[in-house]
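Structure data follow from final_20.cif (mmCIF, C-alpha atoms):
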```cif
data_entry
#
loop_
_atom_site.label_atom_id
_atom_site.label_comp_id
_atom_site.auth_asym_id
_atom_site.auth_seq_id
_atom_site.Cartn_x
_atom_site.Cartn_y
_atom_site.Cartn_z
CA MET A 1 38.80 -15.94 14.90
CA VAL A 2 35.35 -14.38 14.87
CA GLU A 3 32.98 -16.37 17.07
CA PRO A 4 29.22 -15.96 17.52
CA ALA A 5 28.29 -13.61 20.38
CA ILE A 6 25.63 -16.08 21.47
CA ALA A 7 24.94 -19.75 20.75
CA LEU A 8 21.64 -21.53 21.27
CA PHE A 9 21.60 -25.14 22.46
CA GLY A 10 19.06 -27.80 23.30
CA ALA A 11 15.72 -26.52 24.57
CA THR A 12 16.60 -22.88 23.80
CA PHE A 13 17.40 -23.71 20.19
CA GLU A 14 14.13 -25.67 19.95
CA GLU A 15 12.16 -22.76 21.39
CA ALA A 16 13.77 -20.25 19.01
CA SER A 17 13.14 -22.56 16.05
CA ARG A 18 9.51 -22.95 17.09
CA ALA A 19 9.13 -19.14 17.24
CA LEU A 20 10.46 -18.91 13.67
CA GLU A 21 8.19 -21.74 12.53
CA ASP A 22 5.13 -20.04 14.04
CA LEU A 23 6.09 -16.84 12.23
CA LEU A 24 6.24 -18.67 8.89
CA ASP A 25 2.89 -20.39 9.54
CA GLU A 26 1.20 -17.13 10.41
CA THR A 27 2.68 -14.87 7.73
CA ARG A 28 3.20 -17.40 4.89
CA ALA A 29 6.71 -16.00 4.49
CA LEU A 30 9.42 -18.16 2.89
CA TYR A 31 12.37 -18.15 5.29
CA ALA A 32 12.97 -16.90 8.81
CA LEU A 33 16.42 -16.54 10.34
CA LEU A 34 17.69 -15.57 13.75
CA VAL A 35 21.07 -14.00 13.04
CA ASP A 36 23.92 -12.95 15.27
CA ARG A 37 24.97 -9.31 14.65
CA LYS A 38 28.40 -10.70 13.68
CA GLY A 39 26.77 -12.62 10.81
CA PHE A 40 26.22 -16.14 12.19
CA VAL A 41 22.99 -18.11 11.77
CA LEU A 42 21.66 -18.93 15.25
CA ALA A 43 18.46 -20.64 14.12
CA HIS A 44 16.50 -20.81 10.89
CA ARG A 45 13.35 -22.24 9.38
CA GLU A 46 12.17 -22.67 5.82
CA ALA A 47 8.54 -22.87 4.86
CA VAL A 48 7.52 -26.20 3.33
CA TRP A 49 6.15 -24.24 0.35
CA ALA A 50 9.46 -22.42 -0.22
CA GLU A 51 11.81 -23.28 -3.07
CA ARG A 52 15.50 -24.06 -2.67
CA PRO A 53 16.67 -21.73 0.10
CA PRO A 54 19.44 -19.21 -0.57
CA GLU A 55 22.87 -19.87 0.94
CA LEU A 56 22.10 -19.16 4.59
CA ASP A 57 25.60 -18.39 5.85
CA SER A 58 26.23 -15.80 3.14
CA LEU A 59 22.76 -14.40 3.70
CA ALA A 60 23.35 -14.03 7.46
CA THR A 61 26.68 -12.31 6.84
CA LEU A 62 25.11 -9.87 4.39
CA ILE A 63 22.15 -9.18 6.69
CA ALA A 64 24.45 -8.39 9.61
CA GLY A 65 26.72 -6.32 7.36
CA ASN A 66 23.79 -4.31 6.05
CA ALA A 67 22.45 -3.70 9.53
CA ALA A 68 25.86 -2.39 10.56
CA ALA A 69 26.04 -0.18 7.45
CA THR A 70 22.70 1.47 8.18
CA GLN A 71 23.94 2.32 11.67
CA ALA A 72 25.89 5.33 10.37
CA LEU A 73 22.81 6.55 8.51
CA ALA A 74 20.71 6.20 11.67
CA GLU A 75 23.24 8.17 13.70
CA LEU A 76 23.31 10.99 11.17
CA LEU A 77 19.54 11.29 11.53
CA GLY A 78 19.89 11.35 15.32
CA GLU A 79 18.59 7.81 15.79
CA GLU A 80 20.25 5.37 18.14
CA ARG A 81 19.66 2.77 15.45
CA PHE A 82 16.99 1.73 12.96
CA SER A 83 14.89 -0.94 14.62
CA GLU A 84 13.41 -2.25 11.38
CA ILE A 85 14.60 -2.45 7.80
CA VAL A 86 12.60 -3.48 4.73
CA HIS A 87 14.11 -4.15 1.32
CA GLN A 88 11.55 -4.79 -1.37
CA GLY A 89 12.41 -6.34 -4.71
CA LYS A 90 10.38 -7.71 -7.62
CA ASN A 91 10.36 -11.34 -6.45
CA ARG A 92 11.59 -11.24 -2.87
CA GLY A 93 11.34 -8.92 0.07
CA ILE A 94 13.37 -8.96 3.23
CA TYR A 95 12.40 -7.59 6.62
CA VAL A 96 15.01 -7.21 9.37
CA GLU A 97 13.99 -6.48 12.94
CA GLU A 98 16.28 -6.00 15.91
CA VAL A 99 15.97 -8.71 18.57
CA SER A 100 18.67 -7.45 20.93
CA ASP A 101 22.10 -5.83 20.95
CA LEU A 102 23.39 -9.19 19.73
CA ALA A 103 20.77 -10.61 17.40
CA LEU A 104 18.56 -9.80 14.42
CA LEU A 105 15.47 -11.46 13.03
CA ALA A 106 15.29 -11.65 9.23
CA VAL A 107 12.19 -12.69 7.29
CA ILE A 108 12.25 -13.31 3.55
CA PHE A 109 8.92 -13.16 1.78
CA GLU A 110 7.24 -13.00 -1.59
CA PRO A 111 5.94 -9.64 -2.87
CA THR A 112 2.37 -10.93 -2.59
CA THR A 113 2.72 -11.20 1.20
CA PRO A 114 1.44 -8.06 2.95
CA VAL A 115 4.42 -6.25 4.55
CA GLY A 116 2.16 -5.01 7.35
CA LYS A 117 1.49 -8.57 8.48
CA ILE A 118 5.21 -9.46 8.28
CA LYS A 119 6.01 -6.43 10.45
CA LEU A 120 3.27 -7.16 12.99
CA VAL A 121 4.15 -10.83 13.43
CA GLY A 122 7.86 -10.01 13.06
CA LYS A 123 7.78 -7.62 16.00
CA ARG A 124 5.88 -10.12 18.14
CA THR A 125 8.37 -12.87 17.22
CA ALA A 126 11.30 -10.55 17.99
CA ASP A 127 9.83 -9.99 21.48
CA ARG A 128 9.45 -13.73 21.94
CA LEU A 129 13.03 -14.40 20.75
CA ARG A 130 14.32 -11.63 23.01
CA GLY A 131 12.78 -13.43 25.98
CA ILE A 132 14.20 -16.80 24.89
CA ILE A 133 17.72 -15.40 24.44
CA LYS A 134 17.60 -13.45 27.70
CA LYS A 135 16.55 -16.54 29.61
CA ALA A 136 19.20 -18.66 27.85
CA MET A 137 21.94 -16.17 28.71
CA ALA A 138 20.87 -15.97 32.36
CA ASP A 139 20.77 -19.79 32.53
CA ALA A 140 24.15 -20.03 30.79
CA SER A 141 25.90 -17.66 33.19
CA SER A 142 24.56 -19.50 36.27
CA ALA A 143 25.29 -22.89 34.65
CA ARG A 144 28.80 -21.84 33.73
CA PHE A 145 29.45 -20.79 37.32
CA THR A 146 28.43 -24.20 38.67
CA LEU A 147 30.33 -26.02 35.96
CA ASP A 148 33.43 -23.94 36.59
CA SER A 149 33.65 -24.61 40.32
CA GLU A 150 32.84 -28.31 39.83
CA TYR A 151 35.34 -28.57 37.02
CA THR A 152 38.07 -26.84 39.05
CA GLU A 153 37.55 -29.16 42.00
CA SER A 154 37.51 -32.34 39.97
CA ALA A 155 40.46 -31.21 37.86
CA SER A 156 42.60 -30.43 40.93
CA ALA A 157 41.61 -33.75 42.44
CA LEU A 158 42.64 -35.50 39.23
CA ILE A 159 45.99 -33.66 39.09
CA ASP A 160 46.65 -34.40 42.76
CA ASP A 161 45.86 -38.00 42.04
CA LEU A 162 48.13 -38.19 38.98
CA PHE A 163 51.09 -36.70 40.83
CA GLY A 164 50.43 -38.81 43.88
CA GLU A 165 49.60 -35.93 46.23
CA SER A 166 46.71 -36.13 48.63
CA MET B 1 38.35 12.58 -8.82
CA VAL B 2 34.86 11.20 -8.41
CA GLU B 3 32.38 13.29 -10.34
CA PRO B 4 28.58 13.09 -10.38
CA ALA B 5 27.22 10.82 -13.11
CA ILE B 6 24.57 13.43 -13.91
CA ALA B 7 24.17 17.12 -13.14
CA LEU B 8 20.95 19.08 -13.31
CA PHE B 9 20.97 22.69 -14.50
CA GLY B 10 18.48 25.51 -15.03
CA ALA B 11 14.97 24.42 -15.94
CA THR B 12 15.73 20.73 -15.28
CA PHE B 13 16.96 21.49 -11.78
CA GLU B 14 13.86 23.61 -11.17
CA GLU B 15 11.58 20.83 -12.40
CA ALA B 16 13.30 18.24 -10.20
CA SER B 17 13.12 20.56 -7.18
CA ARG B 18 9.42 21.15 -7.84
CA ALA B 19 8.80 17.38 -7.95
CA LEU B 20 10.51 17.06 -4.54
CA GLU B 21 8.53 19.99 -3.16
CA ASP B 22 5.24 18.47 -4.34
CA LEU B 23 6.20 15.22 -2.64
CA LEU B 24 6.81 17.02 0.68
CA ASP B 25 3.52 18.93 0.38
CA GLU B 26 1.56 15.78 -0.31
CA THR B 27 3.20 13.43 2.21
CA ARG B 28 4.14 15.93 4.98
CA ALA B 29 7.60 14.31 5.01
CA LEU B 30 10.59 16.31 6.28
CA TYR B 31 13.25 16.14 3.60
CA ALA B 32 13.41 14.88 0.03
CA LEU B 33 16.66 14.34 -1.86
CA LEU B 34 17.50 13.33 -5.39
CA VAL B 35 20.85 11.58 -5.03
CA ASP B 36 23.39 10.37 -7.55
CA ARG B 37 24.30 6.68 -7.03
CA LYS B 38 27.87 7.87 -6.46
CA GLY B 39 26.66 9.87 -3.44
CA PHE B 40 26.16 13.42 -4.75
CA VAL B 41 23.11 15.56 -3.99
CA LEU B 42 21.46 16.47 -7.31
CA ALA B 43 18.50 18.35 -5.84
CA HIS B 44 16.90 18.60 -2.41
CA ARG B 45 14.01 20.21 -0.61
CA GLU B 46 13.26 20.67 3.07
CA ALA B 47 9.75 21.08 4.43
CA VAL B 48 9.09 24.46 6.06
CA TRP B 49 7.94 22.56 9.17
CA ALA B 50 11.19 20.54 9.39
CA GLU B 51 13.88 21.27 11.98
CA ARG B 52 17.53 21.86 11.17
CA PRO B 53 18.27 19.50 8.27
CA PRO B 54 20.96 16.82 8.64
CA GLU B 55 24.24 17.31 6.79
CA LEU B 56 23.05 16.65 3.25
CA ASP B 57 26.35 15.69 1.62
CA SER B 58 27.11 13.06 4.28
CA LEU B 59 23.53 11.87 4.07
CA ALA B 60 23.71 11.47 0.28
CA THR B 61 26.99 9.56 0.54
CA LEU B 62 25.55 7.18 3.15
CA ILE B 63 22.33 6.68 1.17
CA ALA B 64 24.25 5.78 -1.98
CA GLY B 65 26.63 3.57 0.03
CA ASN B 66 23.75 1.73 1.66
CA ALA B 67 22.01 1.21 -1.66
CA ALA B 68 25.21 -0.29 -3.05
CA ALA B 69 25.59 -2.52 0.03
CA THR B 70 22.10 -3.98 -0.34
CA GLN B 71 22.92 -4.88 -3.94
CA ALA B 72 24.83 -8.00 -2.83
CA LEU B 73 21.89 -9.05 -0.65
CA ALA B 74 19.50 -8.58 -3.57
CA GLU B 75 21.68 -10.68 -5.85
CA LEU B 76 21.87 -13.52 -3.33
CA LEU B 77 18.06 -13.61 -3.29
CA GLY B 78 18.00 -13.67 -7.08
CA GLU B 79 16.86 -10.07 -7.44
CA GLU B 80 18.40 -7.72 -9.97
CA ARG B 81 18.26 -5.10 -7.24
CA PHE B 82 15.92 -3.93 -4.48
CA SER B 83 13.80 -1.14 -5.90
CA GLU B 84 12.76 0.25 -2.54
CA ILE B 85 14.33 0.34 0.91
CA VAL B 86 12.70 1.49 4.16
CA HIS B 87 14.61 2.06 7.41
CA GLN B 88 12.38 2.85 10.35
CA GLY B 89 13.67 4.33 13.59
CA LYS B 90 12.04 5.80 16.68
CA ASN B 91 12.10 9.44 15.50
CA ARG B 92 12.95 9.28 11.82
CA GLY B 93 12.27 6.98 8.93
CA ILE B 94 13.95 6.92 5.54
CA TYR B 95 12.57 5.62 2.28
CA VAL B 96 14.84 5.11 -0.71
CA GLU B 97 13.42 4.45 -4.17
CA GLU B 98 15.33 3.84 -7.35
CA VAL B 99 14.90 6.58 -9.97
CA SER B 100 17.25 5.19 -12.60
CA ASP B 101 20.57 3.39 -13.00
CA LEU B 102 22.17 6.66 -11.93
CA ALA B 103 19.90 8.22 -9.34
CA LEU B 104 17.98 7.51 -6.13
CA LEU B 105 15.14 9.34 -4.42
CA ALA B 106 15.38 9.53 -0.62
CA VAL B 107 12.55 10.72 1.63
CA ILE B 108 13.05 11.33 5.35
CA PHE B 109 9.92 11.35 7.48
CA GLU B 110 8.61 11.25 11.02
CA PRO B 111 7.26 7.97 12.42
CA THR B 112 3.75 9.47 12.52
CA THR B 113 3.73 9.73 8.72
CA PRO B 114 2.11 6.68 7.11
CA VAL B 115 4.78 4.70 5.21
CA GLY B 116 2.17 3.59 2.67
CA LYS B 117 1.59 7.19 1.61
CA ILE B 118 5.35 7.86 1.43
CA LYS B 119 5.74 4.81 -0.82
CA LEU B 120 2.80 5.70 -3.06
CA VAL B 121 3.83 9.32 -3.59
CA GLY B 122 7.51 8.29 -3.63
CA LYS B 123 6.98 5.92 -6.54
CA ARG B 124 5.00 8.54 -8.47
CA THR B 125 7.71 11.14 -7.82
CA ALA B 126 10.43 8.67 -8.88
CA ASP B 127 8.58 8.20 -12.19
CA ARG B 128 8.34 11.97 -12.63
CA LEU B 129 12.05 12.42 -11.84
CA ARG B 130 12.95 9.60 -14.22
CA GLY B 131 11.18 11.51 -17.00
CA ILE B 132 12.90 14.78 -16.09
CA ILE B 133 16.37 13.19 -16.01
CA LYS B 134 15.79 11.26 -19.24
CA LYS B 135 14.69 14.43 -21.02
CA ALA B 136 17.63 16.39 -19.58
CA MET B 137 20.12 13.76 -20.74
CA ALA B 138 18.60 13.64 -24.25
CA ASP B 139 18.66 17.47 -24.41
CA ALA B 140 22.23 17.54 -23.11
CA SER B 141 23.52 15.11 -25.71
CA SER B 142 21.80 16.96 -28.59
CA ALA B 143 22.87 20.36 -27.14
CA ARG B 144 26.44 19.18 -26.87
CA PHE B 145 26.36 18.10 -30.51
CA THR B 146 25.12 21.50 -31.72
CA LEU B 147 27.55 23.33 -29.49
CA ASP B 148 30.39 21.17 -30.72
CA SER B 149 29.85 21.81 -34.43
CA GLU B 150 29.25 25.53 -33.83
CA TYR B 151 32.26 25.73 -31.60
CA THR B 152 34.47 23.91 -34.09
CA GLU B 153 33.43 26.24 -36.92
CA SER B 154 33.88 29.43 -34.94
CA ALA B 155 37.15 28.20 -33.48
CA SER B 156 38.61 27.36 -36.91
CA ALA B 157 37.43 30.74 -38.20
CA LEU B 158 39.15 32.42 -35.28
CA ILE B 159 42.36 30.45 -35.80
CA ASP B 160 42.32 31.18 -39.53
CA ASP B 161 41.82 34.82 -38.69
CA LEU B 162 44.65 34.91 -36.18
CA PHE B 163 47.11 33.33 -38.55
CA GLY B 164 45.99 35.50 -41.42
CA GLU B 165 44.58 32.65 -43.57
CA SER B 166 41.26 33.03 -45.36
#
```

Once more with this new file: its structure as C-alpha cells, please.
Amino acid sequence: MVEPAIALFGATFEEASRALEDLLDETRALYALLVDRKGFVLAHREAVWAERPPELDSLATLIAGNAAATQALAELLGEERFSEIVHQGKNRGIYVEEVSDLALLAVIFEPTTPVGKIKLVGKRTADRLRGIIKKAMADASSARFTLDSEYTESASALIDDLFGES
Amino acid sequence: MVEPAIALFGATFEEASRALEDLLDETRALYALLVDRKGFVLAHREAVWAERPPELDSLATLIAGNAAATQALAELLGEERFSEIVHQGKNRGIYVEEVSDLALLAVIFEPTTPVGKIKLVGKRTADRLRGIIKKAMADASSARFTLDSEYTESASALIDDLFGES
C-alpha cells in the first residue's frame, strides 16, 4: 500500500494550516494545498470567498503526478528539477512550488490574481513550510526513539508478567 | 505507426520558421519549437547565442506528453484546457503555449529572461503560427482536390492508352 512519506499532526498540522491560510489572505487565491510528492493531501485551506472546492484527493494525486512527469523534461534540459510550475487557464490558474524532496505547495487562483504576487508569497510560504516540516521530522525521529525504548520496556514487562516470569 | 497530425512544407515551413526566429530575436530566448500534440517537431529555431541544443525529438515528445498530462488537471478545475504552461528551473525555463488543437509552441529560455516578455511575444507568435497552419491546411485540402481530379483524369487516360482503348 502506498503511504504518505510524511504526516503532520497536532501543532505541526496547525502551523502548516496557518501558513496556507496566511498565503490565501495575502494573495486572495482560492485554495492552497500542501501535498506529499506521492499524491497525498498533508494540509489544505480554502478561502472563504472560494466556491465549492474541487475534489482535493484527486487534485493532489494529479499535482504530484504532473510534478513527476515534468521531472524528465527538467533532466533533458540539464536541470535537477523545475522548482516552480505555473499552469494558466481561462478561469483557474495553478502554481506549484517545491517545498522539499517530499512535499509540494499548490496554489489555485483566479486569472485576475497577479501571478507575480502568487509566486512571491508562494516562495515565502514554501520556505515557512519547509521549516515546519523539517522541525516536525526532527521532533518525530527523537520522539519515536523515546517511545520505542519505553514501549519495548513496558511491553517486555507486560509479557513477563503475563507468563509469570520476573 | 504514429504519424504527425500536420506537416509543414515549402513556403509554410519557411513562414513558421521565420515566426520562431522573430520570437528568438525579440525575446532573446534560446530555443523555439513548433510541436505537434503527438510529439513531433514541426519546425524549430535555435538562437545563435545558444549552446548545444537539447535532443529535439525527445524534447518534443516530453512537451507533448506533459501537455496531455496537465489536461486531466485542467478538467478537474473545470477548465477546457490550460492554454499556457511555465516550468521554471535554476538554469532553464520552458514556456508552452497552445497554437491549435494540433500544435504547441514551446520556448526555452534562461532564468534572466523576463517571463512576461516570453509570454507576450509567445502569445503573439502562437497567433501568427495559428494563421500559418490554418492557411496551410486550407491550401492542402484544396490542392489535394485539384491534384486528385487531375491525377484521376491522367491516370485513366494512361490506362486507356495502355490497354489500347480510346

Taking only C-alpha atoms into account, find every residue of chain B that has an atom no more than 12 Å from chain A, and write it out as a tab-separated table (two decimals) with C-alpha atoms, keeping the file's coordinate frame.
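In the end it all went to result02.tsv:
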```tsv
chain	number	residue	atom	x	y	z
B	30	LEU	CA	10.59	16.31	6.28
B	31	TYR	CA	13.25	16.14	3.60
B	51	GLU	CA	13.88	21.27	11.98
B	52	ARG	CA	17.53	21.86	11.17
B	53	PRO	CA	18.27	19.50	8.27
B	54	PRO	CA	20.96	16.82	8.64
B	55	GLU	CA	24.24	17.31	6.79
B	56	LEU	CA	23.05	16.65	3.25
B	57	ASP	CA	26.35	15.69	1.62
B	58	SER	CA	27.11	13.06	4.28
B	59	LEU	CA	23.53	11.87	4.07
B	60	ALA	CA	23.71	11.47	0.28
B	61	THR	CA	26.99	9.56	0.54
B	62	LEU	CA	25.55	7.18	3.15
B	63	ILE	CA	22.33	6.68	1.17
B	64	ALA	CA	24.25	5.78	-1.98
B	65	GLY	CA	26.63	3.57	0.03
B	66	ASN	CA	23.75	1.73	1.66
B	67	ALA	CA	22.01	1.21	-1.66
B	68	ALA	CA	25.21	-0.29	-3.05
B	69	ALA	CA	25.59	-2.52	0.03
B	70	THR	CA	22.10	-3.98	-0.34
B	71	GLN	CA	22.92	-4.88	-3.94
B	72	ALA	CA	24.83	-8.00	-2.83
B	73	LEU	CA	21.89	-9.05	-0.65
B	74	ALA	CA	19.50	-8.58	-3.57
B	75	GLU	CA	21.68	-10.68	-5.85
B	76	LEU	CA	21.87	-13.52	-3.33
B	77	LEU	CA	18.06	-13.61	-3.29
B	78	GLY	CA	18.00	-13.67	-7.08
B	79	GLU	CA	16.86	-10.07	-7.44
B	80	GLU	CA	18.40	-7.72	-9.97
B	81	ARG	CA	18.26	-5.10	-7.24
B	82	PHE	CA	15.92	-3.93	-4.48
B	83	SER	CA	13.80	-1.14	-5.90
B	84	GLU	CA	12.76	0.25	-2.54
B	85	ILE	CA	14.33	0.34	0.91
B	86	VAL	CA	12.70	1.49	4.16
B	87	HIS	CA	14.61	2.06	7.41
B	88	GLN	CA	12.38	2.85	10.35
B	89	GLY	CA	13.67	4.33	13.59
B	90	LYS	CA	12.04	5.80	16.68
B	91	ASN	CA	12.10	9.44	15.50
B	92	ARG	CA	12.95	9.28	11.82
B	93	GLY	CA	12.27	6.98	8.93
B	94	ILE	CA	13.95	6.92	5.54
B	95	TYR	CA	12.57	5.62	2.28
B	96	VAL	CA	14.84	5.11	-0.71
B	97	GLU	CA	13.42	4.45	-4.17
B	98	GLU	CA	15.33	3.84	-7.35
B	108	ILE	CA	13.05	11.33	5.35
B	109	PHE	CA	9.92	11.35	7.48
B	110	GLU	CA	8.61	11.25	11.02
B	111	PRO	CA	7.26	7.97	12.42
B	114	PRO	CA	2.11	6.68	7.11
B	115	VAL	CA	4.78	4.70	5.21
B	116	GLY	CA	2.17	3.59	2.67
B	119	LYS	CA	5.74	4.81	-0.82
```

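The residues caught by the PyMOL selection byres ((chain A and resi 17) around 10) in this file are A:Ala11, A:Thr12, A:Phe13, A:Glu14, A:Glu15, A:Ala16, A:Arg18, A:Ala19, A:Leu20, A:Glu21, A:Asp22, A:Leu23, A:Ala32, A:Leu33, A:Leu34, A:Leu42, A:Ala43, A:His44, A:Arg45, A:Leu129.
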
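When chain A serves as the reference and chain B is fitted to it on all C-alpha atoms, the deviation left is 0.5 Å RMSD.
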
Which residues are near Arg130 in chain B? Cut-off 9 Å, all atoms listed in the file, ignore same chain within fewer than 6 positions. Put them as a PyMOL selection string. chain B and resi 99-100+103

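Between CA of Val41 in chain B and CA of Pro4 in chain B lies a distance of 8.8 Å.
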
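One distance worth recording is that between CA of Leu102 in chain B and CA of Gly122 in chain B, which is 16.9 Å.
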
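Take CA of Ile118 in chain A and CA of Ala29 in chain A: the distance between them is 7.7 Å.
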
Output as JSON the centre and edge lengths (Å, one decimal) of the box along x, y and z of the file that holds every listed atom of range 11-24 of chain A after adding 8 Å on each side.
```
{"center_x": 11.3, "center_y": -21.7, "center_z": 16.7, "size_x": 28.3, "size_y": 25.7, "size_z": 31.7}
```
